[in-house]
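Visitor: Could you have a look at this structure, given as structure tokens, before my questions?
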Amino acid sequence: MIYKKLKNQLPYLVLLFLLIGCKKDKTDDFAPIENWTKSSTGISQSLNDLHFYNNQFGIVSGDFGTILKTTDGGSTWASLNSPTNQTFLAAFTLSEKDLFVARLGLFKSNNAGASFAEIGNTSSFGSSIRGIHFLDSLLGVITKWGSIYTTSDGGLNWTN
């Protein structure tokens with residue numbers, strides 16, 4: 001008899017213990033984020049990556065060939081002419097002149113984003129480029145789904 005009573009009340013007991021065990025999150029324990037402001041890009045495309053060369057100059061890459069640059073720390077953004085309408089997943093700035101964006105292929109601008117051209121043979125590697133980093137104009141690294149590729153000639157040739 002007691003077993004039947006407990007069996008019928010078990011779901012309620014479990015719920016009661018769960019409610020007792022739960023407590024409200026304390027947001028008072030976290031300091032507010034200061035000095036952060038929302039920056040409007042003026043576009044509706046999704047943005048996937050950004051990289052700043054210094055505190056003022058940076059680029060953002062996004063869906064449908066979106067490439068934006070800022071020269072004032074993100075207060076304003078200007079659209080750059082994209083070489084393709086593919087969704088870019090990675091962005092990198094080596095300098096204010098040398099900009100990179102990538103997904104299937106790696107695209108470089110050496111004129112501050114006035115134009116971009118595909119470099120190397122990265123499109124033939126399959127999968128998407130997820131990361132770009134150059135140490136100087138010759139030495140660079142990209143990541144593509146579990147593989148790391150390096151270049152010592154500015155991206156013309158890549159080694160897995």
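Naming works like this for the structure tokens: A, B, ... for the chains as they're shown, residue 1 at the start of each chain, ligands 1 onward in shown order.
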Env of segment 68-81 of chain A: 6 Å cut, atoms = only C-alpha atoms, seq-sep filter 6 positions within chain, self excluded. Answer as a PyMOL selection string.

Guide: chain A and resi 39+41+55-60

Visitor: Go ahead and save the residues from that selection, with C-alpha atoms, as a PDB file, in the first residue's frame.

Guide:
```pdb
ATOM      1  CA  SER A  39      28.849  49.185 -33.916  1.00  0.00           C
ATOM      2  CA  THR A  41      27.822  48.052 -40.154  1.00  0.00           C
ATOM      3  CA  ASN A  55      43.356  49.577 -32.718  1.00  0.00           C
ATOM      4  CA  GLN A  56      41.932  51.522 -35.648  1.00  0.00           C
ATOM      5  CA  PHE A  57      42.221  49.425 -38.824  1.00  0.00           C
ATOM      6  CA  GLY A  58      40.313  46.170 -39.207  1.00  0.00           C
ATOM      7  CA  ILE A  59      38.296  44.021 -41.597  1.00  0.00           C
ATOM      8  CA  VAL A  60      35.227  41.817 -41.291  1.00  0.00           C
TER       9      VAL A  60
END
```

Visitor: Skip Phe88 of chain A itself and residues of its chain fewer than 5 positions away, then list as an MDAnalysis selection string all residues within 12 Å of it, counting only C-alpha atoms.

Guide: chainID A and resid 45:50 59:68 82:83 100:107 128:132

Visitor: Mind dumping the selected residues with C-alpha atoms as a PDB file, in the first residue's frame?

Guide:
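Everything below was put into again.pdb:
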```
ATOM      1  CA  GLN A  45      24.460  39.943 -43.966  1.00  0.00           C
ATOM      2  CA  SER A  46      25.798  37.627 -41.286  1.00  0.00           C
ATOM      3  CA  LEU A  47      29.369  38.403 -40.275  1.00  0.00           C
ATOM      4  CA  ASN A  48      31.712  35.498 -39.585  1.00  0.00           C
ATOM      5  CA  ASP A  49      35.182  36.777 -38.710  1.00  0.00           C
ATOM      6  CA  LEU A  50      37.056  39.961 -37.979  1.00  0.00           C
ATOM      7  CA  ILE A  59      38.296  44.021 -41.597  1.00  0.00           C
ATOM      8  CA  VAL A  60      35.227  41.817 -41.291  1.00  0.00           C
ATOM      9  CA  SER A  61      34.214  38.956 -43.569  1.00  0.00           C
ATOM     10  CA  GLY A  62      30.749  37.527 -43.965  1.00  0.00           C
ATOM     11  CA  ASP A  63      28.041  35.910 -46.043  1.00  0.00           C
ATOM     12  CA  PHE A  64      27.621  36.381 -49.798  1.00  0.00           C
ATOM     13  CA  GLY A  65      31.081  37.904 -50.317  1.00  0.00           C
ATOM     14  CA  THR A  66      30.736  40.533 -47.610  1.00  0.00           C
ATOM     15  CA  ILE A  67      33.999  42.328 -46.818  1.00  0.00           C
ATOM     16  CA  LEU A  68      34.002  45.454 -44.675  1.00  0.00           C
ATOM     17  CA  SER A  82      34.342  41.326 -53.297  1.00  0.00           C
ATOM     18  CA  PRO A  83      35.925  39.049 -55.898  1.00  0.00           C
ATOM     19  CA  PHE A 100      43.025  38.412 -46.648  1.00  0.00           C
ATOM     20  CA  VAL A 101      39.594  36.758 -46.742  1.00  0.00           C
ATOM     21  CA  ALA A 102      38.847  33.093 -47.338  1.00  0.00           C
ATOM     22  CA  ARG A 103      36.501  30.198 -47.544  1.00  0.00           C
ATOM     23  CA  LEU A 104      37.051  27.803 -50.435  1.00  0.00           C
ATOM     24  CA  GLY A 105      39.893  29.917 -51.767  1.00  0.00           C
ATOM     25  CA  LEU A 106      42.221  32.465 -50.216  1.00  0.00           C
ATOM     26  CA  PHE A 107      41.828  36.006 -51.548  1.00  0.00           C
ATOM     27  CA  SER A 128      36.615  25.540 -46.075  1.00  0.00           C
ATOM     28  CA  ILE A 129      39.434  27.685 -44.792  1.00  0.00           C
ATOM     29  CA  ARG A 130      38.639  28.476 -41.156  1.00  0.00           C
ATOM     30  CA  GLY A 131      41.724  30.410 -40.128  1.00  0.00           C
ATOM     31  CA  ILE A 132      44.384  32.640 -41.681  1.00  0.00           C
TER      32      ILE A 132
END
```

Visitor: Write out as a tab-separated table a residue-level contact list of segment 43-128 of chain A versus segment 149-157 of chain A with cut-off 9 Å: for each qualifying residue the closest pair of atoms and the distance in Å to one decimal, counting only C-alpha atoms, rows sorted by chain and residue number upward.

Guide:
```
residue	atom	partner	partner_atom	distance
A:Leu106	CA	A:Gly155	CA	8.4
A:Ile119	CA	A:Leu156	CA	5.8
A:Gly120	CA	A:Leu156	CA	4.0
A:Asn121	CA	A:Asn157	CA	6.9
A:Thr122	CA	A:Asn157	CA	8.6
```

Visitor: Can you spit out the residues from that selection as a PDB file, in the first residue's frame, using N, CA and C atoms?

Guide:
```pdb
ATOM      1  N   LEU A 106      41.627  31.377 -50.982  1.00  0.00           N
ATOM      2  CA  LEU A 106      42.221  32.465 -50.216  1.00  0.00           C
ATOM      3  C   LEU A 106      42.368  33.669 -51.145  1.00  0.00           C
ATOM      4  N   ILE A 119      44.826  33.747 -54.409  1.00  0.00           N
ATOM      5  CA  ILE A 119      46.233  33.357 -54.444  1.00  0.00           C
ATOM      6  C   ILE A 119      46.370  31.884 -54.106  1.00  0.00           C
ATOM      7  N   GLY A 120      47.407  31.259 -54.636  1.00  0.00           N
ATOM      8  CA  GLY A 120      47.681  29.860 -54.346  1.00  0.00           C
ATOM      9  C   GLY A 120      46.652  28.943 -54.957  1.00  0.00           C
ATOM     10  N   ASN A 121      46.715  27.702 -54.571  1.00  0.00           N
ATOM     11  CA  ASN A 121      45.810  26.677 -55.097  1.00  0.00           C
ATOM     12  C   ASN A 121      44.919  26.118 -53.999  1.00  0.00           C
ATOM     13  N   THR A 122      44.527  26.943 -53.053  1.00  0.00           N
ATOM     14  CA  THR A 122      43.781  26.458 -51.886  1.00  0.00           C
ATOM     15  C   THR A 122      42.386  25.965 -52.237  1.00  0.00           C
TER      16      THR A 122
END
```

Visitor: Quick one: of A:Trp145, A:Trp36, A:Phe92, A:Phe134, who's nearest to Asn54 of chain A, counting only C-alpha atoms?

Guide: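 Checking each of A:Trp145, A:Trp36, A:Phe92, A:Phe134 against Asn54 of chain A, counting only C-alpha atoms, the winner is A:Phe92.
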
Visitor: Suppose you want the space between atom CA of Leu94 of chain A and atom CA of Glu34 of chain A; what is it in Å?

Guide: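 Straight-line distance from atom CA of Leu94 of chain A to atom CA of Glu34 of chain A works out to 28.7 Å.
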
Visitor: Could you tell me how far atom CA of Asn160 of chain A sits from atom CA of Ser137 of chain A, in Å to one decimal place?

Guide: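 Distance reported for this atom pair: 19.2 Å.
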